[in-house]
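Trainee: I am sharing final_5.txt, which consists of compact mmCIF, C-alpha atoms:
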```
# COMPACT_ATOMS: atom_id res chain seq x y z
CA MET B 1 -21.54 23.20 39.00
CA LEU B 2 -24.81 25.01 39.68
CA LYS B 3 -26.71 21.74 39.91
CA ILE B 4 -24.18 20.21 42.30
CA ASN B 5 -24.34 23.25 44.64
CA LEU B 6 -28.13 23.18 44.65
CA PHE B 7 -28.11 19.46 45.38
CA SER B 8 -25.81 20.02 48.37
CA LEU B 9 -27.99 22.87 49.60
CA ILE B 10 -31.22 20.89 49.30
CA LEU B 11 -29.70 17.86 50.99
CA SER B 12 -28.53 20.04 53.88
CA VAL B 13 -31.95 21.68 54.25
CA LEU B 14 -33.73 18.36 54.18
CA LEU B 15 -31.40 16.91 56.76
CA LEU B 16 -31.78 19.97 58.97
CA SER B 17 -35.53 20.02 58.57
CA SER B 18 -35.75 16.34 59.36
CA CYS B 19 -33.56 16.72 62.43
CA GLY B 20 -34.57 20.14 63.70
CA ASP B 21 -31.24 21.21 65.18
CA GLY B 22 -27.81 19.84 66.05
CA LYS B 23 -29.17 18.06 69.12
CA GLN B 24 -31.82 16.34 67.06
CA ILE B 25 -29.15 15.23 64.57
CA ASP B 26 -27.11 13.76 67.38
CA SER B 27 -30.13 12.02 68.85
CA SER B 28 -31.12 10.68 65.43
CA LYS B 29 -27.62 9.30 64.94
CA ILE B 30 -27.70 7.72 68.39
CA ALA B 31 -31.08 6.18 67.62
CA PHE B 32 -29.73 4.90 64.26
CA ASP B 33 -26.65 3.41 65.92
CA ASN B 34 -28.83 1.76 68.57
CA VAL B 35 -31.04 0.21 65.88
CA LEU B 36 -28.02 -0.96 63.93
CA LYS B 37 -26.49 -2.54 67.02
CA SER B 38 -29.68 -4.15 68.09
CA LYS B 39 -30.58 -7.71 67.24
CA ASN B 40 -34.19 -6.83 66.59
CA LEU B 41 -34.73 -7.62 62.88
CA ASP B 42 -38.08 -5.87 62.76
CA SER B 43 -36.57 -2.61 64.07
CA ILE B 44 -33.75 -2.77 61.52
CA ARG B 45 -36.19 -3.38 58.66
CA ALA B 46 -38.40 -0.54 59.86
CA LYS B 47 -35.38 1.82 59.88
CA LYS B 48 -34.50 0.72 56.36
CA ASP B 49 -38.00 1.48 55.11
CA GLU B 50 -37.86 4.88 56.78
CA LEU B 51 -34.55 5.75 55.07
CA ASN B 52 -35.82 4.51 51.66
CA ALA B 53 -38.82 6.77 51.97
CA LYS B 54 -36.62 9.78 52.75
CA GLN B 55 -34.36 8.93 49.77
CA GLN B 56 -37.33 8.82 47.37
CA GLU B 57 -38.58 12.11 48.74
CA ILE B 58 -35.18 13.78 48.17
CA THR B 59 -34.95 12.35 44.63
CA SER B 60 -38.39 13.68 43.76
CA GLN B 61 -37.52 17.12 45.10
CA LEU B 62 -34.25 17.18 43.11
CA LYS B 63 -36.14 16.44 39.87
CA ALA B 64 -38.45 19.34 40.57
CA ILE B 65 -35.52 21.66 41.30
CA ASN B 66 -33.71 20.64 38.07
CA ALA B 67 -36.84 21.18 36.00
CA ARG B 68 -37.21 24.68 37.48
CA ILE B 69 -33.52 25.47 36.76
CA THR B 70 -33.96 24.39 33.14
CA THR B 71 -36.96 26.69 32.81
CA LEU B 72 -35.19 29.72 34.28
CA ASP B 73 -31.65 29.22 32.83
CA GLU B 74 -31.68 30.10 29.10
CA ASN B 75 -28.23 28.53 28.55
CA SER B 76 -29.32 25.11 29.74
CA ASN B 77 -31.30 24.56 26.51
CA LEU B 78 -28.39 25.40 24.22
CA PRO B 79 -27.00 22.54 22.07
CA LEU B 80 -23.97 20.86 23.59
CA ILE B 81 -20.92 20.65 21.30
CA SER B 82 -17.21 19.85 21.46
CA THR B 83 -14.48 21.77 19.67
CA LEU B 84 -10.94 21.35 18.43
CA THR B 85 -8.35 24.07 17.94
CA SER B 86 -6.76 24.51 14.52
CA LYS B 87 -2.97 24.48 14.38
CA PHE B 88 -0.08 24.19 11.95
CA GLU B 89 1.55 20.77 11.76
CA PRO B 90 3.59 18.76 9.25
CA PHE B 91 1.63 16.77 6.69
CA ILE B 92 3.23 13.89 4.78
CA HIS B 93 0.99 12.25 2.22
CA TYR B 94 1.58 8.71 1.01
CA ILE B 95 0.00 6.68 -1.74
CA GLU B 96 -0.24 2.94 -1.24
CA LEU B 97 0.15 0.55 -4.16
CA GLN B 98 0.46 -3.18 -4.66
CA GLY B 99 3.03 -4.73 -6.97
CA ASN B 100 4.76 -7.98 -7.81
CA VAL B 101 8.40 -8.96 -7.63
CA THR B 102 9.90 -9.74 -11.03
CA THR B 103 13.24 -9.97 -12.77
CA LYS B 104 14.43 -9.53 -16.32
CA SER B 105 16.71 -12.54 -15.77
CA LEU B 106 13.93 -15.13 -15.88
CA VAL B 107 13.50 -17.29 -18.96
CA THR B 108 11.93 -20.58 -19.96
CA LEU B 109 14.32 -22.36 -22.31
CA ARG B 110 12.50 -24.10 -25.17
CA ALA B 111 13.56 -26.61 -27.81
CA GLU B 112 14.38 -25.14 -31.23
CA PHE B 113 14.95 -28.48 -32.93
CA ASN B 114 12.89 -31.63 -33.37
CA GLY B 115 14.48 -34.78 -32.02
CA LEU B 116 15.43 -36.89 -29.03
CA LEU B 117 16.59 -35.04 -25.91
CA SER B 118 19.74 -37.12 -25.69
CA GLN B 119 21.54 -35.31 -22.86
CA VAL B 120 20.53 -33.08 -19.91
CA TYR B 121 23.70 -31.90 -18.21
CA VAL B 122 22.12 -30.06 -15.25
CA LYS B 123 19.57 -30.66 -12.53
CA LYS B 124 17.21 -28.43 -10.57
CA GLY B 125 19.07 -25.98 -8.32
CA ASP B 126 22.36 -26.07 -10.26
CA LYS B 127 24.26 -22.81 -10.70
CA VAL B 128 25.27 -22.20 -14.32
CA ILE B 129 27.21 -19.53 -16.17
CA LYS B 130 26.39 -17.69 -19.36
CA GLY B 131 27.07 -19.83 -22.47
CA GLN B 132 27.20 -23.12 -20.59
CA ILE B 133 25.64 -26.09 -22.46
CA LEU B 134 22.64 -27.30 -20.48
CA ALA B 135 21.18 -29.98 -22.74
CA LYS B 136 21.69 -31.65 -26.13
CA ILE B 137 19.10 -32.73 -28.71
CA ASP B 138 20.07 -35.54 -31.12
CA ASP B 139 20.84 -33.88 -34.48
CA GLY B 140 19.69 -36.84 -36.57
CA GLY B 141 22.90 -37.04 -38.60
CA LEU B 142 23.14 -33.30 -39.21
CA ALA B 143 26.79 -33.20 -38.07
CA GLN B 144 27.73 -35.89 -40.62
CA GLN B 145 26.00 -33.95 -43.38
CA ILE B 146 27.96 -30.86 -42.45
CA ALA B 147 31.22 -32.86 -42.52
CA GLN B 148 30.46 -34.03 -46.07
CA MET B 149 29.52 -30.53 -47.13
CA GLU B 150 32.81 -29.22 -45.72
CA ILE B 151 34.70 -31.67 -47.93
CA GLN B 152 32.80 -30.39 -50.94
CA ARG B 153 33.41 -26.82 -49.84
CA ASP B 154 37.16 -27.47 -49.54
CA LEU B 155 37.19 -28.84 -53.10
CA ALA B 156 35.24 -25.85 -54.33
CA LYS B 157 37.69 -23.53 -52.57
CA THR B 158 40.67 -25.24 -54.23
CA THR B 159 39.04 -24.92 -57.65
CA TYR B 160 38.20 -21.28 -56.97
CA ASP B 161 41.77 -20.47 -55.82
CA ARG B 162 43.23 -21.99 -59.01
CA GLN B 163 40.80 -20.21 -61.31
CA LYS B 164 41.52 -16.95 -59.49
CA ARG B 165 45.28 -17.30 -60.01
CA LEU B 166 44.73 -18.02 -63.70
CA TRP B 167 42.34 -15.15 -64.04
CA ASP B 168 44.80 -12.79 -62.36
CA GLN B 169 47.30 -13.84 -65.06
CA ASN B 170 44.68 -13.30 -67.81
CA ILE B 171 44.55 -17.04 -68.46
CA GLY B 172 41.23 -18.81 -68.93
CA SER B 173 37.73 -17.44 -69.34
CA GLU B 174 35.88 -15.12 -67.01
CA ILE B 175 32.92 -17.45 -66.89
CA GLN B 176 35.04 -20.28 -65.47
CA TYR B 177 36.36 -17.95 -62.78
CA LEU B 178 32.88 -16.76 -61.84
CA GLN B 179 31.46 -20.27 -61.76
CA ALA B 180 34.23 -21.45 -59.41
CA LYS B 181 33.70 -18.43 -57.15
CA SER B 182 29.93 -18.91 -57.08
CA SER B 183 30.25 -22.63 -56.30
CA TYR B 184 32.60 -21.96 -53.37
CA GLU B 185 30.44 -19.18 -51.90
CA ALA B 186 27.28 -21.28 -52.23
CA GLN B 187 28.91 -24.22 -50.45
CA ASN B 188 30.17 -21.92 -47.70
CA GLU B 189 26.73 -20.34 -47.19
CA ALA B 190 25.06 -23.77 -47.10
CA ILE B 191 27.47 -24.92 -44.39
CA ASN B 192 26.79 -21.75 -42.34
CA GLN B 193 23.06 -22.43 -42.49
CA MET B 194 23.56 -26.06 -41.49
CA ASN B 195 25.76 -24.96 -38.58
CA GLN B 196 22.99 -22.62 -37.42
CA GLN B 197 20.62 -25.57 -37.43
CA LEU B 198 23.17 -27.69 -35.58
CA ALA B 199 23.55 -24.96 -32.92
CA LYS B 200 19.83 -25.32 -32.19
CA THR B 201 20.49 -28.84 -30.94
CA ARG B 202 22.58 -27.40 -28.09
CA VAL B 203 20.64 -25.67 -25.29
CA THR B 204 22.87 -23.01 -23.68
CA ALA B 205 22.43 -20.57 -20.79
CA PRO B 206 21.71 -17.03 -22.04
CA PHE B 207 22.89 -15.62 -18.69
CA SER B 208 24.35 -16.82 -15.40
CA GLY B 209 21.83 -18.05 -12.88
CA THR B 210 20.12 -21.04 -11.26
CA ILE B 211 18.15 -23.86 -12.85
CA ASP B 212 14.74 -23.32 -11.24
CA GLU B 213 12.84 -26.17 -12.89
CA ILE B 214 13.34 -28.92 -15.46
CA PHE B 215 10.20 -29.68 -17.46
CA THR B 216 11.40 -32.37 -19.88
CA GLU B 217 13.55 -35.29 -18.84
CA GLN B 218 16.40 -36.83 -20.79
CA GLY B 219 15.30 -39.43 -23.38
CA ASN B 220 12.04 -37.72 -24.35
CA LEU B 221 11.22 -36.72 -27.91
CA VAL B 222 10.83 -32.96 -28.22
CA THR B 223 9.59 -30.59 -30.89
CA ALA B 224 10.39 -26.94 -31.46
CA GLY B 225 8.68 -24.79 -28.82
CA VAL B 226 8.49 -27.43 -26.07
CA ALA B 227 9.59 -26.08 -22.64
CA LEU B 228 12.76 -27.79 -21.43
CA MET B 229 13.79 -25.89 -18.28
CA ARG B 230 13.52 -22.55 -16.47
CA LEU B 231 16.57 -20.42 -15.70
CA ILE B 232 16.47 -17.59 -13.19
CA ASN B 233 18.85 -15.05 -11.71
CA LEU B 234 17.71 -13.49 -8.40
CA ASP B 235 20.53 -10.94 -8.22
CA ASP B 236 18.61 -8.24 -10.12
CA MET B 237 15.03 -8.40 -8.87
CA TYR B 238 12.67 -5.45 -8.79
CA ILE B 239 9.02 -4.66 -8.07
CA GLU B 240 6.75 -3.56 -10.88
CA THR B 241 3.44 -1.80 -10.36
CA GLU B 242 1.04 0.58 -12.08
CA VAL B 243 0.45 4.13 -10.84
CA PRO B 244 -2.69 6.20 -11.58
CA GLU B 245 -1.88 9.12 -13.87
CA ARG B 246 -3.01 11.72 -11.30
CA TYR B 247 0.20 11.01 -9.36
CA ILE B 248 2.48 11.59 -12.35
CA THR B 249 4.10 14.71 -10.87
CA GLY B 250 4.63 13.20 -7.40
CA VAL B 251 5.67 9.63 -8.16
CA THR B 252 8.85 10.02 -10.20
CA LYS B 253 12.22 8.36 -10.67
CA GLY B 254 14.39 8.53 -7.53
CA LYS B 255 11.51 8.80 -5.01
CA VAL B 256 11.95 6.88 -1.74
CA VAL B 257 9.67 3.85 -1.40
CA GLU B 258 8.74 1.88 1.72
CA ILE B 259 8.34 -1.79 0.77
CA GLU B 260 6.53 -4.47 2.75
CA PHE B 261 6.24 -8.15 1.89
CA PRO B 262 3.23 -9.24 4.00
CA VAL B 263 3.60 -12.97 3.32
CA ILE B 264 7.15 -13.22 4.69
CA GLY B 265 6.99 -10.31 7.19
CA LYS B 266 9.89 -8.45 5.56
CA SER B 267 10.22 -4.67 5.08
CA MET B 268 12.84 -2.49 3.40
CA LYS B 269 13.37 0.92 1.83
CA SER B 270 14.28 1.54 -1.78
CA ARG B 271 13.88 4.05 -4.61
CA ILE B 272 12.04 4.18 -7.90
CA ARG B 273 14.61 3.15 -10.49
CA GLU B 274 12.41 3.68 -13.53
CA ALA B 275 9.16 5.53 -14.24
CA GLY B 276 7.39 4.76 -17.49
CA ASN B 277 6.86 7.38 -20.20
CA PHE B 278 3.67 5.77 -21.53
CA ILE B 279 0.18 6.09 -20.03
CA ASN B 280 -2.01 3.07 -20.68
CA PRO B 281 -5.19 4.47 -22.30
CA SER B 282 -7.33 1.58 -21.02
CA ASN B 283 -6.75 2.19 -17.29
CA ARG B 284 -4.92 5.57 -17.25
CA THR B 285 -1.85 4.28 -15.43
CA TYR B 286 1.89 4.21 -15.99
CA LYS B 287 4.43 1.65 -14.80
CA ILE B 288 7.25 2.08 -12.29
CA GLU B 289 10.08 -0.21 -11.25
CA VAL B 290 11.45 -0.30 -7.68
CA ASP B 291 14.71 -2.04 -6.82
CA VAL B 292 14.70 -4.88 -4.29
CA THR B 293 17.66 -3.63 -2.25
CA GLU B 294 18.11 -6.53 0.19
CA THR B 295 18.71 -10.19 -0.57
CA ASN B 296 16.45 -12.76 1.02
CA GLU B 297 15.93 -16.36 -0.04
CA ASN B 298 12.16 -15.95 0.42
CA ILE B 299 11.89 -13.01 -1.98
CA LYS B 300 11.00 -14.65 -5.28
CA PRO B 301 9.42 -13.58 -8.58
CA ASN B 302 5.65 -12.92 -8.39
CA LEU B 303 5.79 -12.34 -4.60
CA THR B 304 3.26 -9.67 -3.61
CA ALA B 305 4.63 -6.38 -2.26
CA ARG B 306 2.97 -3.31 -0.74
CA LEU B 307 4.49 0.04 -1.59
CA ARG B 308 4.16 3.38 0.27
CA ILE B 309 5.40 6.38 -1.66
CA ASN B 310 5.55 9.95 -0.31
CA ASP B 311 4.11 12.00 -3.17
CA TYR B 312 3.39 15.25 -1.25
CA SER B 313 4.63 17.05 1.88
CA ASN B 314 3.70 20.29 3.64
CA PRO B 315 5.67 21.31 6.76
CA GLU B 316 2.96 23.76 7.91
CA ALA B 317 -0.50 22.43 7.15
CA ILE B 318 -3.84 22.77 8.91
CA LEU B 319 -5.35 19.28 9.22
CA ILE B 320 -8.92 18.52 10.27
CA PRO B 321 -11.16 15.42 10.33
CA GLN B 322 -13.10 14.94 7.11
CA ASN B 323 -16.32 14.20 8.98
CA ILE B 324 -16.69 17.78 10.29
CA ILE B 325 -16.82 19.21 6.74
CA SER B 326 -20.20 20.01 5.18
CA GLU B 327 -21.08 20.82 1.59
CA ASP B 328 -23.88 23.06 0.30
CA ALA B 329 -26.03 22.68 -2.82
CA GLU B 330 -23.47 24.53 -4.94
CA GLY B 331 -20.71 22.16 -3.87
CA ALA B 332 -18.92 24.66 -1.59
CA GLN B 333 -17.20 23.09 1.42
CA TYR B 334 -17.45 24.69 4.84
CA VAL B 335 -16.95 24.09 8.56
CA TYR B 336 -18.47 25.70 11.64
CA THR B 337 -16.31 27.73 14.01
CA LEU B 338 -17.09 29.60 17.23
CA LYS B 339 -16.92 33.35 17.86
CA ASP B 340 -17.65 35.54 20.89
CA VAL B 341 -16.86 32.70 23.31
CA ALA B 342 -17.38 33.44 27.02
CA ASN B 343 -18.05 31.11 29.93
CA ASN B 344 -18.15 28.13 27.54
CA ILE B 345 -20.91 29.78 25.49
CA GLY B 346 -20.29 30.84 21.89
CA THR B 347 -21.89 31.70 18.56
CA VAL B 348 -21.67 29.43 15.51
CA GLN B 349 -20.05 30.89 12.39
CA ARG B 350 -19.82 29.23 8.98
CA VAL B 351 -16.39 29.39 7.30
CA ASP B 352 -15.93 28.33 3.67
CA ILE B 353 -12.75 26.33 3.00
CA THR B 354 -10.84 24.69 0.18
CA THR B 355 -9.22 21.32 0.80
CA GLY B 356 -6.25 19.44 -0.56
CA GLN B 357 -4.79 15.98 0.04
CA THR B 358 -6.30 13.39 2.37
CA GLN B 359 -4.68 10.69 4.50
CA GLY B 360 -7.16 8.34 6.14
CA ASN B 361 -9.81 10.50 7.88
CA ILE B 362 -7.54 13.57 7.91
CA ILE B 363 -7.71 16.25 5.21
CA GLU B 364 -5.51 19.26 4.52
CA VAL B 365 -7.19 22.69 4.50
CA GLU B 366 -5.57 24.90 1.87
CA SER B 367 -7.52 28.10 2.60
CA GLY B 368 -10.22 29.45 4.91
CA LEU B 369 -8.73 28.58 8.29
CA THR B 370 -5.95 30.07 10.38
CA GLU B 371 -4.20 28.90 13.50
CA ASN B 372 -5.99 28.82 16.90
CA MET B 373 -9.55 28.82 15.53
CA GLN B 374 -12.13 26.80 17.48
CA LEU B 375 -13.82 24.33 15.11
CA ILE B 376 -17.00 22.52 16.06
CA LYS B 377 -16.34 18.79 16.11
CA GLU B 378 -19.08 16.82 17.88
CA GLY B 379 -22.42 18.38 16.96
CA ALA B 380 -21.21 19.95 13.71
CA ARG B 381 -24.07 18.34 11.76
CA SER B 382 -26.81 19.66 14.07
CA VAL B 383 -25.97 23.38 14.36
CA LYS B 384 -26.47 26.31 12.02
CA ASP B 385 -24.82 29.66 11.32
CA GLY B 386 -25.50 32.28 14.02
CA GLN B 387 -26.77 29.80 16.60
CA ARG B 388 -25.61 30.01 20.22
CA VAL B 389 -24.13 26.79 21.64
CA ARG B 390 -22.61 25.47 24.85
CA ILE B 391 -19.11 23.95 24.82
CA ASP B 392 -18.73 20.59 26.50
CA THR B 393 -15.08 19.76 25.74
CA ILE B 394 -12.19 21.47 23.92
CA GLU B 395 -9.38 19.58 22.17
```
Could you spell out this file's structure in structure tokens?
Mentor:
Amino acid sequence: MLKINLFSLILSVLLLSSCGDGKQIDSSKIAFDNVLKSKNLDSIRAKKDELNAKQQEITSQLKAINARITTLDENSNLPLISTLTSKFEPFIHYIELQGNVTTKSLVTLRAEFNGLLSQVYVKKGDKVIKGQILAKIDDGGLAQQIAQMEIQRDLAKTTYDRQKRLWDQNIGSEIQYLQAKSSYEAQNEAINQMNQQLAKTRVTAPFSGTIDEIFTEQGNLVTAGVALMRLINLDDMYIETEVPERYITGVTKGKVVEIEFPVIGKSMKSRIREAGNFINPSNRTYKIEVDVTETNENIKPNLTARLRINDYSNPEAILIPQNIISEDAEGAQYVYTLKDVANNIGTVQRVDITTGQTQGNIIEVESGLTENMQLIKEGARSVKDGQRVRIDTIE
């Protein structure tokens, strides 16, 4: 403001001195207007040169005046800083994690028997129910063997029943009774084992779902362990991710989670349905599961998801930019504040602080600051304790 007033004063003096008095000013203006209206190019150019010379003279005089002001005004050499005012405001801290969609109802059905894949009863995309037969492997005559064994078992059972009746009447020897019993039970057990083998020739659905892929076509020879088809149920999908152990008290079962699927542009809210009780010693993390609460045909297993979880909140926190915090050789954190402020001039004061959670470039101050303190923002790295400074702007 001082410089502007001086500039106005100097300009007025120069104009007055160049014109003499009001009459001279009027005559100069008339002369200028006459030159401007004239068609004499040389006169116009001469007037322009005259005005340029006066402008350079005024500029030179202003520089001299400013230099003298700087010399005489002790405040003009003070460092220029900007400040912000501390205040209480809500602080909600989130952690961001990445996870993958998965489901427990996802299985690759494999052959458990060696033979020809004689029948495939389903195709890709078919809906099936639990227990439904999906494919059949040729049993190589196993069913006929079981039929013969059942005939032998029936004979053994008849012999056993007769020996038992005689034994109950104390007729015959004990050894005959025991042999008949043992023969029947052995035949029965052998048939049970053969039936278990025969069951392996039938591929059934372990749960209701959709045939996602068929890997082996009908008519191919298969061996035990060969993948036949993939069955999936998308009704119970969830997101699984790993959480660093330092968040174990904040990221718990029941916490609200904001979910984003970047690839398909879909967002939703959910909750943590399960938090693991085991910390992986190799990476110091534990697993959580988050329900996928909305159905969408584009949400599929292994789809990438971003999770935002509120692990900490403070309704009355003092938040400051991290870049105004300094640290001394002992590791103590501090900021610079202003005291004794008057006419935009103040004294720098160091204040030690302790900090808490961060969110982006913002950090929570747990102690050291109170409300309505003026903190040095721009220029915080170039001032020192006890120094006088000049305030440029206040936020």
Trainee: Considering all atoms listed in the file, can you say which of B:Ala135, B:Ile394, B:Asn188, B:Gly250 comes closest to Ser313 in chain B?
Mentor: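 Closest to Ser313 in chain B, using all atoms listed in the file: B:Gly250.
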Trainee: Find the residues around Ile288 in chain B up to 12 Å (all atoms listed in the file counted), leave out those fewer than 5 positions away in its own chain, and share them as a ChimeraX atom specification.
Mentor: /B:97-100,238-245,247-248,251-255,257,271-279,307,309
Trainee: Could you give me, as a list of chain:residue names, the residues within 12 Å of Asp328 in chain B, counting only C-alpha atoms and dropping anything in the same chain fewer than 3 positions from it?
Mentor: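 The residues satisfying every condition are B:Ile325, B:Gly331, B:Ala332, B:Gln333, B:Tyr334, B:Val335, B:Arg350, B:Asp352, B:Ile353.
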Trainee: Could you name the residues that touch range 33-37 of chain B at 8 Å or less, counting all atoms listed in the file, but leaving out those on the same chain fewer than 6 positions away, as a list in words?
Mentor: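 Using all atoms listed in the file, the neighbours found are Ser43, Ile44 and Lys47 of chain B.
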Trainee: As a list in words, please: the residues near Phe215 in chain B (cut-off 7 Å, all atoms listed in the file, same-chain neighbours under 4 positions excluded).
Mentor: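 Non-adjacent residues within range: Ala227, Leu228 and Met229 of chain B.
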Trainee: Could you work out how far CA of Glu297 in chain B lies from CA of Gly265 in chain B, giving the answer in Å with one decimal?
Mentor: 13.0 Å
Trainee: Check the smallest atom-to-atom distance from each of B:Ile129, B:Ala180, B:Leu80, B:Ile264 to Leu155 in chain B using only C-alpha atoms, then report the winner.
Mentor: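 Ranking B:Ile129, B:Ala180, B:Leu80, B:Ile264 by distance to Leu155 in chain B, first place goes to B:Ala180.
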Trainee: Give as a PDB file with C-alpha atoms, in the frame of the given file every residue, naming chains and numbers as the document does, that has an atom within 9 Å of (5.0, 10.5, 4.4), counting all atoms listed in the file.
Mentor:
```pdb
ATOM      1  CA  PHE B  91       1.630  16.770   6.690  1.00  0.00           C
ATOM      2  CA  ILE B  92       3.230  13.890   4.780  1.00  0.00           C
ATOM      3  CA  HIS B  93       0.990  12.250   2.220  1.00  0.00           C
ATOM      4  CA  TYR B  94       1.580   8.710   1.010  1.00  0.00           C
ATOM      5  CA  ILE B  95       0.000   6.680  -1.740  1.00  0.00           C
ATOM      6  CA  ARG B 308       4.160   3.380   0.270  1.00  0.00           C
ATOM      7  CA  ILE B 309       5.400   6.380  -1.660  1.00  0.00           C
ATOM      8  CA  ASN B 310       5.550   9.950  -0.310  1.00  0.00           C
ATOM      9  CA  ASP B 311       4.110  12.000  -3.170  1.00  0.00           C
ATOM     10  CA  TYR B 312       3.390  15.250  -1.250  1.00  0.00           C
ATOM     11  CA  SER B 313       4.630  17.050   1.880  1.00  0.00           C
TER      12      SER B 313
END
```
Trainee: Taking into account all atoms listed in the file, which residue in the set B:Lys87, B:Ile65, B:Ser118, B:Ser105 is nearest to Pro315 in chain B?
Mentor: B:Lys87
Trainee: Can you give me N, CA and C atoms for range 37-49 of chain B, written as an mmCIF file, keeping the file's coordinate frame?
Mentor:
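The resulting file, out.cif, is reproduced below:
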```
data_model
loop_
_atom_site.group_PDB
_atom_site.id
_atom_site.type_symbol
_atom_site.label_atom_id
_atom_site.label_comp_id
_atom_site.auth_asym_id
_atom_site.auth_seq_id
_atom_site.Cartn_x
_atom_site.Cartn_y
_atom_site.Cartn_z
ATOM 1 N N LYS B 37 -27.157 -1.612 66.100
ATOM 2 C CA LYS B 37 -26.490 -2.540 67.020
ATOM 3 C C LYS B 37 -27.456 -3.562 67.602
ATOM 4 N N SER B 38 -28.702 -3.250 67.488
ATOM 5 C CA SER B 38 -29.680 -4.150 68.090
ATOM 6 C C SER B 38 -29.772 -5.439 67.302
ATOM 7 N N LYS B 39 -30.375 -6.429 67.911
ATOM 8 C CA LYS B 39 -30.580 -7.710 67.240
ATOM 9 C C LYS B 39 -32.041 -7.915 66.871
ATOM 10 N N ASN B 40 -32.776 -6.775 66.916
ATOM 11 C CA ASN B 40 -34.190 -6.830 66.590
ATOM 12 C C ASN B 40 -34.348 -6.623 65.082
ATOM 13 N N LEU B 41 -34.629 -7.693 64.348
ATOM 14 C CA LEU B 41 -34.730 -7.620 62.880
ATOM 15 C C LEU B 41 -35.863 -6.712 62.438
ATOM 16 N N ASP B 42 -36.948 -6.700 63.148
ATOM 17 C CA ASP B 42 -38.080 -5.870 62.760
ATOM 18 C C ASP B 42 -37.724 -4.386 62.857
ATOM 19 N N SER B 43 -36.981 -4.010 63.917
ATOM 20 C CA SER B 43 -36.570 -2.610 64.070
ATOM 21 C C SER B 43 -35.628 -2.182 62.939
ATOM 22 N N ILE B 44 -34.706 -3.091 62.600
ATOM 23 C CA ILE B 44 -33.750 -2.770 61.520
ATOM 24 C C ILE B 44 -34.484 -2.587 60.202
ATOM 25 N N ARG B 45 -35.426 -3.486 59.903
ATOM 26 C CA ARG B 45 -36.190 -3.380 58.660
ATOM 27 C C ARG B 45 -37.041 -2.113 58.633
ATOM 28 N N ALA B 46 -37.593 -1.759 59.786
ATOM 29 C CA ALA B 46 -38.400 -0.540 59.860
ATOM 30 C C ALA B 46 -37.549 0.689 59.595
ATOM 31 N N LYS B 47 -36.314 0.698 60.124
ATOM 32 C CA LYS B 47 -35.380 1.820 59.880
ATOM 33 C C LYS B 47 -35.017 1.900 58.409
ATOM 34 N N LYS B 48 -34.833 0.741 57.796
ATOM 35 C CA LYS B 48 -34.500 0.720 56.360
ATOM 36 C C LYS B 48 -35.637 1.324 55.545
ATOM 37 N N ASP B 49 -36.853 0.942 55.847
ATOM 38 C CA ASP B 49 -38.000 1.480 55.110
ATOM 39 C C ASP B 49 -38.104 2.980 55.294
#
```
